[in-house]
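Undergrad: Supplied in structure tokens, the structure appears directly below.
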Number of protein chains: 2
Amino acid sequence: MTQTFEEISPADFFYRNRDIAGFTNPSRAVFASIRELVENSLDAAEIAGTPPDIYVRLTFEEDDQESGIYKLRVEDNGSGIVSRHIPSAFGQVLFGSKYKLKQSRGTFGLGGTMAVLYGQITTHKPARIVSSTGSTKVYIYRVMIDIQRNKPIILERRVLLNKEQWHGTIVEFSLEGDYFRAMPKILEYLKQTALVNPYANITFIDPKGRLFKFSRVTEKMPPPPKETLPHPYGVDVEMVKRLVRVTPHQKMMDFLSAHFHRVSERIAEKFLEFSGIPKTRNPKKLDPQEIVRFVQMLKRFEEFRPPSAACLSPLGKDLLTAGILKELKPELTIVCQRKPSTYAGHPFIVETAIAYGGEIPKGGDFVLYRFANRIPLLYDEASDVAFRVIKSMNWRRYKVSPNMPIAVLVHTCSTKIPYKTVGKEFIADRPEIKREIQNGLREVARGLQRFLSKREHVEREKRRLSVFSKYLPKIAKFSTELAGRERQPEIEKLLRSVNTSG
Amino acid sequence: MTQTFEEISPADFFYRNRDIAGFTNPSRAVFASIRELVENSLDAAEIAGTPPDIYVRLTFEEDDQESGIYKLRVEDNGSGIVSRHIPSAFGQVLFGSKYKLKQSRGTFGLGGTMAVLYGQITTHKPARIVSSTGSTKVYIYRVMIDIQRNKPIILERRVLLNKEQWHGTIVEFSLEGDYFRAMPKILEYLKQTALVNPYANITFIDPKGRLFKFSRVTEKMPPPPKETLPHPYGVDVEMVKRLVRVTPHQKMMDFLSAHFHRVSERIAEKFLEFSGIPKTRNPKKLDPQEIVRFVQMLKRFEEFRPPSAACLSPLGKDLLTAGILKELKPELTIVCQRKPSTYAGHPFIVETAIAYGGEIPKGGDFVLYRFANRIPLLYDEASDVAFRVIKSMNWRRYKVSPNMPIAVLVHTCSTKIPYKTVGKEFIADRPEIKREIQNGLREVARGLQRFLSKREHVEREKRRLSVFSKYLPKIAKFSTELAGRERQPEIEKLLRSVNTSG
């Protein structure tokens, strides 16, 4: 007896193993579908440079509300998708716009297509996509996925005139789900997304017809992320082989300064001298062993400039504060933006915040909000690096005691977020990232400590003043009587001076 | 500005996201490579019906032991791979033999290729594969993976005469790794694999030249798993569409009884009547909505016979006991094999065991060994369903106290193990599986309780006997003196009768 072999397509792989993409059960699948499409919409709006207007509508597919079949519709005003790419963007797995070296919300290029795939295998209905890039035409497609071939099946294609010069995308499809089990997570997701994207309008209508609106508090958006070149510390042999294959340059000197991040001709020259490679060597003539050695030398050369974070797009202290005030309504907000850092050749920036009091609920230790590339992470908190950092800190030295109304926020942005899973639930424990989160949290914790100390002090002074206010009149009266005087001394001035000295 | 799109191959996807396949860092990658190849070898030996002989050798690639580059070689005596499939079996992602509905160790069809891929991207060296199915020829290939196209690159192909009629496979490749960090996990993995496959010889030589041999204690193997038809409760619309596409049958009646598990003509007839589908309807003429309804009806019809577990291959109580004695050397072993059960149309069998005393270490609560389809699961214990069941049980009622030398083993086999991740670290929390594990553990816990009670009782009797032995002679002597007799009564008989009554 021998083994028999077959080949399966990536669509087939994720069809058989949808658990690993986060589509574990009907409740999780509704959540995952909404999040993937909302994140695509946010990315698209940023590319268009427009403050996002996103409409999410989930309705019962049939009159029979028990059937568990829903229709999901997500509309945005983003950059839209050019007509020829629409079928593959939703009907082919591993076809997407997220494969560049750039900070983006989507990571694996799976999201939208996984949602459509899941809808198809649970309802056997096509997805309807409407999109325009703002040109004179609006394109409408009905597509399904040929799972075994990983190719889109175009059931219908229509073209309309784009009279209002609309740009954006509408995705509509049916899926088996469990909204009521998923509802708390969906609403939490939308609220946290609104927090970390305070320039976005997000509207959600649920199957019961309830409207949830998260309104923008500003039209100001951070500068969009930019695509960047790979950094010498972050490439491997495969990447170098691909660069060699496509480079028009015929000298190592030019190859280095053209294709690598922040490598000037001067640095390129120094490196080539360091590694004993001639400046005029033709990159396409390097044999495999030379490429391996080249990569090893890149990692050993210590004079490459660290990755610049100019390609990144953190939220910024103003917008982060605005988002927190909008969604959490605290009494106090302290934010911190760390200087850029790097891990494995990828730049990253950590932003932290503490929100205290106001409408922040008390109880327990604290509430942790985690974000990466401006999306919320809602699962597997205990496995996340931010959670571990918080647990390892000694909060008492910052005057924090249990049951205080505290929320802690950690946002990481990078050209590559080290997710452990395709479902983007939590961030792995990279030492460089851990260190930045630690320092960022200490900084905002110190801010909280100053506030709590000052408040303690003010409380003390108030009590002192209260004592004075209570007894001073009596003392004044009594002393007056004792001294046989008629007129009491002026105590108002005295009280006021105590008040102001506190 | 618009979005730009590109397509990437599955090899490229796993190249960029190797974390999600378990190749997170050099230490984990060495472990993952060894486990994937060993599991392929065990599966191959079972197909050949031969007790497995597996040789694993990890050496330093270069004299420089600090470089972190290793060479891994895994040889087995399994069924071998036919020549034309060898390049794709190792040089193409999503090409494999694990895509049938059958209990097997490999699940995602990624394993061997991921290992070769990882080796290639860290060392840029080809993999060397030698294989024969026992025919007159032995085939030797050197392959690399064209990652962007997901196709094998054949660098060399040789054919030798198979004089000794050998059958098996040898895989050899270089990779960046960290053996010393991985060593405890690798040895633990091999030991547990030897436990749950007690008919296998596993030999491991590590980079320091140390030999670790796990010898078989029996040549008896369980009957191999068999491929099975899908069960009506476990199909979805996509699966039915594929069956319809390939079926030669032109009547629904025949279509049902030919392609579904345990559906006789009588049951098929009842079902078709229940769902209002004519017996003679041509399956290829069903429109999409009818297929959807067909699947819904399949799930609602209650008279389908439950999946048979005849296709499964559990270890069996004898072999499980043999494996435990071999690797754990306990004083007491209690095993239990539950009757087959099902989840989502997939049959599964749970086997549990408790090992007590002997060389089982004391301390802490207990040691848990988890297995699925006869492979050990070594990570993420706290997320596994078996761990949660153990934590929720009240062990004190079984007379178990902390610090007892106890090991608990749980083995689940199924046509589909509900892994949460591609790295096969732990099993998800399916209620049906949870229930079987609970009942299985209660049964062996009761066995342990009986043993502990009996031992308690024996201890008590010993103490009682010891008291008698101590005082009876004195009483006898004293009574003799008191009665003025010369001769003492016979106490030996008395002592013996106390002894035997205990």
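Here's how to read the names in the structure tokens: chain A, B, ... by the order shown, residue numbers from 1 in each chain, ligand numbers from 1 in the order shown.
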Could the residues of chain B within 8 Å of chain A, counting only C-alpha atoms, be given as number ranges by chain, please?
TA: B: 1-10, 13, 19-20, 44, 47-48, 79-82, 85, 89, 94-99, 108, 121-124, 133, 236-238, 288-289, 292, 420-422
Undergrad: Determine which residues of stretch 155-251 of chain B receive a DSSP assignment of strand (DSSP E or B), computed from the backbone, and state them as a PDB file with N, CA, C and O atoms, in the first residue's frame.
TA:
ATOM      1  N   LEU B 155      16.802  20.152  -8.385  1.00  0.00           N
ATOM      2  CA  LEU B 155      18.200  20.431  -8.699  1.00  0.00           C
ATOM      3  C   LEU B 155      18.931  19.179  -9.153  1.00  0.00           C
ATOM      4  O   LEU B 155      19.930  19.257  -9.862  1.00  0.00           O
ATOM      5  N   GLU B 156      18.426  18.038  -8.677  1.00  0.00           N
ATOM      6  CA  GLU B 156      19.111  16.794  -9.027  1.00  0.00           C
ATOM      7  C   GLU B 156      18.144  15.633  -8.853  1.00  0.00           C
ATOM      8  O   GLU B 156      17.304  15.654  -7.949  1.00  0.00           O
ATOM      9  N   ARG B 157      18.282  14.655  -9.704  1.00  0.00           N
ATOM     10  CA  ARG B 157      17.454  13.463  -9.604  1.00  0.00           C
ATOM     11  C   ARG B 157      18.298  12.258  -9.986  1.00  0.00           C
ATOM     12  O   ARG B 157      18.912  12.266 -11.052  1.00  0.00           O
ATOM     13  N   ARG B 158      18.347  11.274  -9.092  1.00  0.00           N
ATOM     14  CA  ARG B 158      19.125  10.075  -9.424  1.00  0.00           C
ATOM     15  C   ARG B 158      18.291   8.842  -9.122  1.00  0.00           C
ATOM     16  O   ARG B 158      17.409   8.856  -8.267  1.00  0.00           O
ATOM     17  N   VAL B 159      18.622   7.789  -9.816  1.00  0.00           N
ATOM     18  CA  VAL B 159      17.900   6.534  -9.616  1.00  0.00           C
ATOM     19  C   VAL B 159      18.926   5.452  -9.324  1.00  0.00           C
ATOM     20  O   VAL B 159      19.923   5.329 -10.022  1.00  0.00           O
ATOM     21  N   LEU B 160      18.697   4.687  -8.261  1.00  0.00           N
ATOM     22  CA  LEU B 160      19.593   3.582  -7.933  1.00  0.00           C
ATOM     23  C   LEU B 160      18.789   2.292  -7.927  1.00  0.00           C
ATOM     24  O   LEU B 160      17.567   2.297  -7.767  1.00  0.00           O
ATOM     25  N   LEU B 161      19.510   1.200  -8.050  1.00  0.00           N
ATOM     26  CA  LEU B 161      18.853  -0.094  -7.936  1.00  0.00           C
ATOM     27  C   LEU B 161      18.555  -0.378  -6.467  1.00  0.00           C
ATOM     28  O   LEU B 161      19.406  -0.144  -5.593  1.00  0.00           O
ATOM     29  N   HIS B 167      12.134  -0.215   1.672  1.00  0.00           N
ATOM     30  CA  HIS B 167      11.091   0.774   1.468  1.00  0.00           C
ATOM     31  C   HIS B 167      11.167   1.763   2.626  1.00  0.00           C
ATOM     32  O   HIS B 167      11.450   1.383   3.770  1.00  0.00           O
ATOM     33  N   GLY B 168      10.935   3.017   2.292  1.00  0.00           N
ATOM     34  CA  GLY B 168      11.036   4.039   3.336  1.00  0.00           C
ATOM     35  C   GLY B 168      11.377   5.382   2.724  1.00  0.00           C
ATOM     36  O   GLY B 168      11.374   5.549   1.497  1.00  0.00           O
ATOM     37  N   THR B 169      11.654   6.337   3.597  1.00  0.00           N
ATOM     38  CA  THR B 169      11.968   7.693   3.146  1.00  0.00           C
ATOM     39  C   THR B 169      13.054   8.268   4.039  1.00  0.00           C
ATOM     40  O   THR B 169      13.051   8.052   5.255  1.00  0.00           O
ATOM     41  N   ILE B 170      13.988   8.996   3.432  1.00  0.00           N
ATOM     42  CA  ILE B 170      15.005   9.743   4.179  1.00  0.00           C
ATOM     43  C   ILE B 170      14.878  11.210   3.772  1.00  0.00           C
ATOM     44  O   ILE B 170      14.903  11.529   2.592  1.00  0.00           O
ATOM     45  N   VAL B 171      14.731  12.070   4.770  1.00  0.00           N
ATOM     46  CA  VAL B 171      14.672  13.506   4.503  1.00  0.00           C
ATOM     47  C   VAL B 171      15.858  14.149   5.195  1.00  0.00           C
ATOM     48  O   VAL B 171      16.108  13.897   6.378  1.00  0.00           O
ATOM     49  N   GLU B 172      16.576  15.000   4.456  1.00  0.00           N
ATOM     50  CA  GLU B 172      17.779  15.606   5.014  1.00  0.00           C
ATOM     51  C   GLU B 172      17.848  17.054   4.568  1.00  0.00           C
ATOM     52  O   GLU B 172      17.759  17.341   3.380  1.00  0.00           O
ATOM     53  N   PHE B 173      17.997  17.967   5.522  1.00  0.00           N
ATOM     54  CA  PHE B 173      18.118  19.369   5.120  1.00  0.00           C
ATOM     55  C   PHE B 173      18.792  20.165   6.230  1.00  0.00           C
ATOM     56  O   PHE B 173      18.906  19.691   7.366  1.00  0.00           O
ATOM     57  N   SER B 174      19.229  21.364   5.896  1.00  0.00           N
ATOM     58  CA  SER B 174      19.893  22.250   6.863  1.00  0.00           C
ATOM     59  C   SER B 174      18.912  23.317   7.320  1.00  0.00           C
ATOM     60  O   SER B 174      18.033  23.742   6.567  1.00  0.00           O
ATOM     61  N   LEU B 175      19.100  23.767   8.568  1.00  0.00           N
ATOM     62  CA  LEU B 175      18.211  24.807   9.077  1.00  0.00           C
ATOM     63  C   LEU B 175      18.896  25.578  10.191  1.00  0.00           C
ATOM     64  O   LEU B 175      19.790  25.042  10.863  1.00  0.00           O
ATOM     65  N   GLU B 176      18.461  26.803  10.357  1.00  0.00           N
ATOM     66  CA  GLU B 176      18.919  27.594  11.488  1.00  0.00           C
ATOM     67  C   GLU B 176      18.110  27.160  12.690  1.00  0.00           C
ATOM     68  O   GLU B 176      16.894  27.007  12.596  1.00  0.00           O
ATOM     69  N   ASN B 201      10.431   1.777  17.167  1.00  0.00           N
ATOM     70  CA  ASN B 201      11.814   2.058  17.580  1.00  0.00           C
ATOM     71  C   ASN B 201      12.134   3.468  17.151  1.00  0.00           C
ATOM     72  O   ASN B 201      12.020   3.799  15.966  1.00  0.00           O
ATOM     73  N   ILE B 202      12.539   4.304  18.086  1.00  0.00           N
ATOM     74  CA  ILE B 202      12.922   5.669  17.742  1.00  0.00           C
ATOM     75  C   ILE B 202      14.325   5.915  18.267  1.00  0.00           C
ATOM     76  O   ILE B 202      14.590   5.734  19.459  1.00  0.00           O
ATOM     77  N   THR B 203      15.208   6.313  17.375  1.00  0.00           N
ATOM     78  CA  THR B 203      16.598   6.587  17.749  1.00  0.00           C
ATOM     79  C   THR B 203      16.907   8.036  17.434  1.00  0.00           C
ATOM     80  O   THR B 203      16.598   8.504  16.340  1.00  0.00           O
ATOM     81  N   PHE B 204      17.537   8.725  18.373  1.00  0.00           N
ATOM     82  CA  PHE B 204      17.875  10.127  18.162  1.00  0.00           C
ATOM     83  C   PHE B 204      19.333  10.349  18.540  1.00  0.00           C
ATOM     84  O   PHE B 204      19.760   9.984  19.645  1.00  0.00           O
ATOM     85  N   ILE B 205      20.094  10.938  17.613  1.00  0.00           N
ATOM     86  CA  ILE B 205      21.468  11.331  17.911  1.00  0.00           C
ATOM     87  C   ILE B 205      21.526  12.846  17.867  1.00  0.00           C
ATOM     88  O   ILE B 205      21.172  13.457  16.846  1.00  0.00           O
ATOM     89  N   LEU B 211      23.360   9.545  22.181  1.00  0.00           N
ATOM     90  CA  LEU B 211      22.366   8.664  21.584  1.00  0.00           C
ATOM     91  C   LEU B 211      21.206   8.477  22.541  1.00  0.00           C
ATOM     92  O   LEU B 211      21.390   8.154  23.704  1.00  0.00           O
ATOM     93  N   PHE B 212      20.001   8.671  22.036  1.00  0.00           N
ATOM     94  CA  PHE B 212      18.801   8.414  22.825  1.00  0.00           C
ATOM     95  C   PHE B 212      17.996   7.374  22.086  1.00  0.00           C
ATOM     96  O   PHE B 212      17.575   7.605  20.952  1.00  0.00           O
ATOM     97  N   LYS B 213      17.783   6.207  22.708  1.00  0.00           N
ATOM     98  CA  LYS B 213      17.072   5.148  22.017  1.00  0.00           C
ATOM     99  C   LYS B 213      15.802   4.789  22.771  1.00  0.00           C
ATOM    100  O   LYS B 213      15.836   4.528  23.980  1.00  0.00           O
ATOM    101  N   PHE B 214      14.706   4.797  22.083  1.00  0.00           N
ATOM    102  CA  PHE B 214      13.410   4.410  22.633  1.00  0.00           C
ATOM    103  C   PHE B 214      13.020   3.135  21.911  1.00  0.00           C
ATOM    104  O   PHE B 214      12.681   3.159  20.728  1.00  0.00           O
TER     105      PHE B 214
END
Undergrad: Restricting the calculation to only C-alpha atoms: of B:Asn77, B:Thr50, B:Thr247, B:Asn150, which residue gets closest to B:His259?
TA: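 Checking each candidate against B:His259, we get B:Thr247 as the closest.
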Undergrad: Which residue is closest to A:Phe366? Choose from A:Lys339, A:Ser132, A:Ala382, A:Val400 and count only C-alpha atoms.
TA: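 Of the candidates, the smallest distance to A:Phe366 is held by A:Val400.
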Undergrad: Report as a PyMOL selection string all protein, DNA and RNA residues lying within 8 Å of A:Pro405, evaluated on only C-alpha atoms, omitting residues in the same chain fewer than 3 positions from it.
TA: chain A and resi 356-357+360-363+366
Undergrad: Would you give me, as an MDAnalysis selection string, the residues in stretch 170-235 of chain A that DSSP reads as alpha helix (DSSP H)?
TA: chainID A and resid 179:196
Undergrad: Can you pull out the residues contacting stretch 453-460 of chain A? Cut-off 10 Å, using only C-alpha atoms, and skip same-chain residues under 4 positions away; I want them as JSON, numbers by chain.
TA: {"A": [398, 399, 447, 448, 449, 464, 465, 466, 502]}
Undergrad: Selection from above, C-alpha atoms, as a short mmCIF file (atom, residue, chain, number, x, y, z; two decimals), in the first residue's frame, can you write it?
TA:
data_model
loop_
_atom_site.label_atom_id
_atom_site.label_comp_id
_atom_site.auth_asym_id
_atom_site.auth_seq_id
_atom_site.Cartn_x
_atom_site.Cartn_y
_atom_site.Cartn_z
CA TYR A 398 2.23 54.78 41.65
CA LYS A 399 -0.41 55.11 44.37
CA GLY A 447 1.42 60.98 35.46
CA LEU A 448 -1.39 59.22 37.27
CA GLN A 449 0.69 59.17 40.44
CA ARG A 464 -8.03 71.19 57.04
CA LEU A 465 -10.00 74.10 55.70
CA SER A 466 -13.19 72.43 56.75
CA GLY A 502 -3.70 74.80 50.10
#
Undergrad: So that I can see what lies close to A:Arg430, please list as a list in words the residues with an atom at most 12 Å from it, counting only C-alpha atoms and leaving out residues fewer than 2 positions away in the same chain.
TA: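 Non-adjacent residues within range: Thr342, Tyr343, Ala344, His346, Phe348, Asp384, Val385, Ala386, Arg388, Val389, Ile417, Pro418, Tyr419, Lys420, Ile427, Ala428, Glu432, Ile433, Lys434, Arg435, Glu436 and Ile437 of chain A; Thr24 and Asn25 of chain B.
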Undergrad: Do you have the atom CA of B:Pro126-atom CA of B:Arg28 distance handy?
TA: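 Taking atom CA of B:Pro126 and atom CA of B:Arg28, their separation equals 20.9 Å.
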